[in-house]
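I have placed the structure first, in the form of structure tokens, so that the comments after it can refer back to it.
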Amino acid sequence: AVMVTAGGLFMAGSNAAAAGYDVPRLTDIHIDGMANDWDECGFEIAMLAPRQGGFKPAGEFNAGCRLGWDDRGLLLLFHITDSERHAPQRSDRAWRSDSLELFVAPSTMGFYTLQIAPGTDPANPEIRVTANDYRAHEGLPALAWTMKRAEAADGYTLEILLPWRNVAMEPRLGAEIGLLIYASDASAEVDGSYMVRWATGDDWRRGVGLRLAETASPAVNTVIGKGEYRDFQTTHIRIDALPRLIGKPLLIRDGDRVLAEGDLHEQEGRAAFE
């Protein structure tokens with residue numbers, strides 16, 4: 001059975017802790033945009049979630065990723081489902097179109113951001129990156145990265161290497177770094193974009209804590225719950241989960257009290273309950 005506690009229902013990502021995830025060491029990862037050398041390894045963020053409002057249908061847009069590390073730097077592998085491609089006219093406003101944005105924050109020296117236009121529109125096929133450097137450390141080299149994209153049947157994969165020299169950090173077990181992730185999807189009918197994120201707070205200068213480890217923490221955001229009070233009398237609960245959980249029994253508890261139970265059903269390509 002899938003169990004969700006009531007205390008996690010009023011934030012996106014009900015099974016996400018405030019900080020402290022183990023990201024595993026990986027070997028033989030080639031930055032070519034392909035996922036085959038990851039072999040389902042890495043710390044998995046199964047779904048990025050909207051801060052407010054509901055999900056788009058999974059066939060229209062979905063974003064998930066895996067994280068790892070090696071002696072070169074922090075490794076990220078994104079799988080993006082996107083049925084409609086829109087490239088930004090200006091790379092420094094990528095967040096208003098199809099894009100990714102990373103906030104990278106070492107523990108002692110500020111942060112930097114990368115706005116990434118993935119180049120999925122045939123009219124703009126190259127990956128374009130706008131970097132914003134707020135690192136408080138003199139003598140650091142210019143920000144660097146390696147990125148490669150590959151087309152997939154339902155969207156694309158994007159593989160990223162962020163070198164340790166960006167943050168003056170030696171890769172060692174137990175070292176920590178902060179990371180926030182945003183993914184945006186534009187629509188021709190809407191001014192702006194639909195945004196999902198992996199973040200458990202609003203401090204974008206600090207990020208969610210990641211620890212370099214040998215093995216990964218369990219996957220997060222496989223189940224995402226939201227709750228809201230209505231008329232100060234009732235609580236409305238909405239659960240979204242990975243498709244592989246369709247048909248599984250669900251139990252929502254507040255301590256020893258059962259608030260709701262039933263089976264997760266298919267809705268717009270995801271498992272759902274409300």
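Simple scheme: letters A, B, ... for chains in structure tokens order, numbers from 1 for residues in each chain, numbers from 1 for ligands in the order shown.
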| field | Distance query Ile177 (chain A) at most 8 Å, only C-alpha atoms, self and fewer than 4 positions along chain excluded, as a PyMOL selection string | value | chain A and resi 104-107+209-211
Output all heavy atoms for every residue in that selection, as a PDB file, in the first residue's frame.
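Result saved to part17.pdb:
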ATOM      1  N   VAL A 104      22.672  26.462  -8.076  1.00  0.00           N
ATOM      2  CA  VAL A 104      23.713  25.624  -7.486  1.00  0.00           C
ATOM      3  C   VAL A 104      24.381  26.417  -6.377  1.00  0.00           C
ATOM      4  O   VAL A 104      24.898  27.520  -6.618  1.00  0.00           O
ATOM      5  CB  VAL A 104      24.751  25.190  -8.537  1.00  0.00           C
ATOM      6  CG1 VAL A 104      25.758  24.231  -7.917  1.00  0.00           C
ATOM      7  CG2 VAL A 104      24.059  24.537  -9.732  1.00  0.00           C
ATOM      8  N   ALA A 105      24.378  25.861  -5.166  1.00  0.00           N
ATOM      9  CA  ALA A 105      24.832  26.621  -4.002  1.00  0.00           C
ATOM     10  C   ALA A 105      25.754  25.781  -3.137  1.00  0.00           C
ATOM     11  O   ALA A 105      25.284  24.924  -2.387  1.00  0.00           O
ATOM     12  CB  ALA A 105      23.624  27.082  -3.177  1.00  0.00           C
ATOM     13  N   PRO A 106      27.065  25.993  -3.220  1.00  0.00           N
ATOM     14  CA  PRO A 106      27.956  25.371  -2.244  1.00  0.00           C
ATOM     15  C   PRO A 106      27.688  25.964  -0.871  1.00  0.00           C
ATOM     16  O   PRO A 106      27.008  26.986  -0.742  1.00  0.00           O
ATOM     17  CB  PRO A 106      29.347  25.732  -2.758  1.00  0.00           C
ATOM     18  CG  PRO A 106      29.136  26.959  -3.563  1.00  0.00           C
ATOM     19  CD  PRO A 106      27.772  26.851  -4.166  1.00  0.00           C
ATOM     20  N   SER A 107      28.202  25.343   0.144  1.00  0.00           N
ATOM     21  CA  SER A 107      27.794  25.695   1.502  1.00  0.00           C
ATOM     22  C   SER A 107      28.334  27.033   1.985  1.00  0.00           C
ATOM     23  O   SER A 107      27.799  27.615   2.915  1.00  0.00           O
ATOM     24  CB  SER A 107      28.245  24.594   2.476  1.00  0.00           C
ATOM     25  OG  SER A 107      29.654  24.422   2.395  1.00  0.00           O
ATOM     26  N   GLY A 209      19.758  20.384   0.297  1.00  0.00           N
ATOM     27  CA  GLY A 209      21.053  19.799   0.610  1.00  0.00           C
ATOM     28  C   GLY A 209      21.270  18.431  -0.010  1.00  0.00           C
ATOM     29  O   GLY A 209      20.436  17.531   0.134  1.00  0.00           O
ATOM     30  N   LEU A 210      22.398  18.271  -0.705  1.00  0.00           N
ATOM     31  CA  LEU A 210      22.809  16.996  -1.277  1.00  0.00           C
ATOM     32  C   LEU A 210      24.135  16.591  -0.659  1.00  0.00           C
ATOM     33  O   LEU A 210      25.040  17.421  -0.523  1.00  0.00           O
ATOM     34  CB  LEU A 210      22.972  17.109  -2.795  1.00  0.00           C
ATOM     35  CG  LEU A 210      21.763  17.603  -3.591  1.00  0.00           C
ATOM     36  CD1 LEU A 210      22.156  17.772  -5.053  1.00  0.00           C
ATOM     37  CD2 LEU A 210      20.579  16.661  -3.449  1.00  0.00           C
ATOM     38  N   ARG A 211      24.261  15.319  -0.292  1.00  0.00           N
ATOM     39  CA  ARG A 211      25.514  14.780   0.246  1.00  0.00           C
ATOM     40  C   ARG A 211      26.123  13.827  -0.760  1.00  0.00           C
ATOM     41  O   ARG A 211      25.419  12.958  -1.300  1.00  0.00           O
ATOM     42  CB  ARG A 211      25.273  14.032   1.559  1.00  0.00           C
ATOM     43  CG  ARG A 211      25.014  14.912   2.758  1.00  0.00           C
ATOM     44  CD  ARG A 211      24.940  14.052   4.009  1.00  0.00           C
ATOM     45  NE  ARG A 211      23.854  13.077   3.916  1.00  0.00           N
ATOM     46  CZ  ARG A 211      22.618  13.294   4.383  1.00  0.00           C
ATOM     47  NH1 ARG A 211      22.324  14.436   4.964  1.00  0.00           N
ATOM     48  NH2 ARG A 211      21.703  12.358   4.279  1.00  0.00           N
TER      49      ARG A 211
END
Could you name the residues that touch Gly155 (chain A) at 6 Å or less, counting only C-alpha atoms, but leaving out those on the same chain fewer than 4 positions away, as an mmCIF file with C-alpha atoms, in the first residue's frame?
data_model
loop_
_atom_site.group_PDB
_atom_site.id
_atom_site.type_symbol
_atom_site.label_atom_id
_atom_site.label_comp_id
_atom_site.auth_asym_id
_atom_site.auth_seq_id
_atom_site.Cartn_x
_atom_site.Cartn_y
_atom_site.Cartn_z
ATOM 1 C CA ILE A 80 11.365 15.633 -20.216
ATOM 2 C CA THR A 81 8.049 14.697 -21.809
ATOM 3 C CA ASP A 82 6.870 17.580 -23.970
#
| note | For Met147 (chain A), the closest of A:Leu75, A:Ala123, A:Ala241, A:Leu48 counting only C-alpha atoms is A:Leu75
Give me, as a tab-separated table (two decimals) with N, CA, C and O atoms, in the first residue's frame, all polymer residues having an atom no more than 10 Å from Tyr156 (chain A), counting only C-alpha atoms and skipping those fewer than 2 positions away in the same chain.
chain	number	residue	atom	x	y	z
A	33	GLY	N	23.97	12.81	-23.76
A	33	GLY	CA	22.53	12.95	-23.82
A	33	GLY	C	21.77	11.65	-23.71
A	33	GLY	O	20.53	11.67	-23.61
A	34	MET	N	22.46	10.53	-23.69
A	34	MET	CA	21.81	9.22	-23.64
A	34	MET	C	21.76	8.70	-22.20
A	34	MET	O	22.67	8.94	-21.41
A	78	PHE	N	18.14	14.49	-17.13
A	78	PHE	CA	16.73	14.85	-17.18
A	78	PHE	C	16.02	14.05	-18.26
A	78	PHE	O	16.57	13.85	-19.35
A	79	HIS	N	14.81	13.63	-17.95
A	79	HIS	CA	13.91	13.11	-18.98
A	79	HIS	C	12.68	14.01	-18.98
A	79	HIS	O	11.96	14.10	-17.97
A	80	ILE	N	12.46	14.68	-20.09
A	80	ILE	CA	11.36	15.63	-20.22
A	80	ILE	C	10.38	15.12	-21.26
A	80	ILE	O	10.76	14.85	-22.41
A	81	THR	N	9.13	14.95	-20.86
A	81	THR	CA	8.05	14.70	-21.81
A	81	THR	C	7.45	16.04	-22.21
A	81	THR	O	7.09	16.84	-21.35
A	82	ASP	N	7.38	16.29	-23.51
A	82	ASP	CA	6.87	17.58	-23.97
A	82	ASP	C	6.24	17.39	-25.35
A	82	ASP	O	6.93	17.06	-26.32
A	118	PRO	N	16.81	24.24	-24.09
A	118	PRO	CA	17.38	22.94	-24.50
A	118	PRO	C	17.54	22.73	-25.99
A	118	PRO	O	18.11	21.72	-26.41
A	120	THR	N	15.17	22.31	-28.43
A	120	THR	CA	14.29	21.29	-29.00
A	120	THR	C	13.46	21.80	-30.17
A	120	THR	O	12.82	21.00	-30.85
A	149	ARG	N	21.98	16.90	-25.48
A	149	ARG	CA	20.57	16.54	-25.55
A	149	ARG	C	20.38	15.42	-26.56
A	149	ARG	O	21.10	15.36	-27.57
A	150	ALA	N	19.41	14.55	-26.29
A	150	ALA	CA	19.05	13.50	-27.25
A	150	ALA	C	17.53	13.44	-27.33
A	150	ALA	O	16.83	13.57	-26.31
A	151	GLU	N	17.02	13.24	-28.52
A	151	GLU	CA	15.57	13.13	-28.70
A	151	GLU	C	15.08	11.78	-28.17
A	151	GLU	O	15.77	10.77	-28.25
A	152	ALA	N	13.89	11.80	-27.62
A	152	ALA	CA	13.21	10.58	-27.17
A	152	ALA	C	11.84	10.54	-27.82
A	152	ALA	O	11.36	11.53	-28.38
A	153	ALA	N	11.18	9.38	-27.73
A	153	ALA	CA	9.90	9.22	-28.40
A	153	ALA	C	8.86	10.22	-27.92
A	153	ALA	O	8.03	10.69	-28.70
A	154	ASP	N	8.91	10.57	-26.64
A	154	ASP	CA	7.90	11.46	-26.08
A	154	ASP	C	8.46	12.82	-25.67
A	154	ASP	O	7.77	13.61	-25.02
A	158	LEU	N	18.28	15.21	-21.40
A	158	LEU	CA	19.36	16.20	-21.33
A	158	LEU	C	20.31	15.77	-20.24
A	158	LEU	O	19.90	15.55	-19.09
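Closest to Lys226 (chain A) among A:Gly68, A:Pro141, A:Gly53, A:Gly110 is A:Gly53, based on only C-alpha atoms.
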| field | Polymer residues at most 12 Å from Arg172 (chain A), only C-alpha atoms, same-chain spacing of 2 or more positions, as a ChimeraX atom specification | value | /A:23-25,69-74,164,169-170,174-177,211-214
For the selection you just gave me, I'd like the residues written to a file as a JSON list (two decimals), in the first residue's frame, keeping C-alpha atoms.
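Heads up, here's the output in part_28.json:
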[["chain", "number", "residue", "atom", "x", "y", "z"],
["A", 23, "VAL", "CA", 23.70, 11.36, -4.20],
["A", 24, "PRO", "CA", 25.73, 8.32, -5.33],
["A", 25, "ARG", "CA", 29.12, 8.10, -6.96],
["A", 69, "TRP", "CA", 28.66, 12.56, -9.07],
["A", 70, "ASP", "CA", 32.16, 11.57, -10.06],
["A", 71, "ASP", "CA", 35.62, 13.12, -9.89],
["A", 72, "ARG", "CA", 34.69, 15.59, -12.65],
["A", 73, "GLY", "CA", 31.61, 17.14, -11.09],
["A", 74, "LEU", "CA", 27.89, 16.88, -10.35],
["A", 164, "TRP", "CA", 33.59, 20.99, -9.16],
["A", 169, "MET", "CA", 34.99, 22.00, -4.12],
["A", 170, "GLU", "CA", 36.94, 18.77, -3.78],
["A", 174, "GLY", "CA", 30.15, 13.51, 2.91],
["A", 175, "ALA", "CA", 30.72, 16.82, 1.12],
["A", 176, "GLU", "CA", 27.54, 18.86, 0.65],
["A", 177, "ILE", "CA", 26.13, 21.09, -2.05],
["A", 211, "ARG", "CA", 25.51, 14.78, 0.25],
["A", 212, "LEU", "CA", 28.10, 12.99, -1.86],
["A", 213, "ALA", "CA", 27.77, 9.30, -1.02],
["A", 214, "GLU", "CA", 28.39, 5.81, -2.37]]
| query | Which of region 50-165 of chain A counts as strand (DSSP E or B) under DSSP, as a VMD selection string please? | reply | chain A and resid 61 to 69 73 to 82 99 to 106 110 to 117 121 124 128 to 135 146 to 152 155 to 163
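Minimum atom-to-atom distance to Met47 (chain A), evaluated using only C-alpha atoms, belongs to A:Ala183 out of A:Leu259, A:Ala183, A:Leu251, A:Leu76.
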| region 93-184 of chain A: residues DSSP assigns to helix (DSSP H, G or I), reported as a PyMOL selection string | chain A and resi 93-96+164-167
Store the residues picked out above, limited to N, CA and C atoms, as an mmCIF file, in the first residue's frame.
data_model
loop_
_atom_site.group_PDB
_atom_site.id
_atom_site.type_symbol
_atom_site.label_atom_id
_atom_site.label_comp_id
_atom_site.auth_asym_id
_atom_site.auth_seq_id
_atom_site.Cartn_x
_atom_site.Cartn_y
_atom_site.Cartn_z
ATOM 1 N N ARG A 93 15.740 35.057 -21.161
ATOM 2 C CA ARG A 93 14.351 34.937 -20.698
ATOM 3 C C ARG A 93 13.828 33.531 -20.974
ATOM 4 N N ALA A 94 14.735 32.572 -20.840
ATOM 5 C CA ALA A 94 14.383 31.189 -21.164
ATOM 6 C C ALA A 94 13.261 30.666 -20.277
ATOM 7 N N TRP A 95 13.160 31.178 -19.058
ATOM 8 C CA TRP A 95 12.162 30.679 -18.122
ATOM 9 C C TRP A 95 10.734 30.953 -18.594
ATOM 10 N N ARG A 96 10.549 31.834 -19.582
ATOM 11 C CA ARG A 96 9.220 32.108 -20.124
ATOM 12 C C ARG A 96 8.868 31.157 -21.270
ATOM 13 N N TRP A 164 33.366 20.574 -10.545
ATOM 14 C CA TRP A 164 33.594 20.992 -9.159
ATOM 15 C C TRP A 164 34.334 22.322 -9.080
ATOM 16 N N ARG A 165 35.111 22.652 -10.098
ATOM 17 C CA ARG A 165 35.858 23.914 -10.032
ATOM 18 C C ARG A 165 34.927 25.132 -10.029
ATOM 19 N N ASN A 166 33.677 24.944 -10.480
ATOM 20 C CA ASN A 166 32.718 26.049 -10.394
ATOM 21 C C ASN A 166 32.489 26.504 -8.963
ATOM 22 N N VAL A 167 32.648 25.579 -8.018
ATOM 23 C CA VAL A 167 32.332 25.874 -6.620
ATOM 24 C C VAL A 167 33.533 25.643 -5.707
#
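For the pair CA of Phe111 (chain A) and CA of Asn132 (chain A), the interatomic distance is 8.8 Å.
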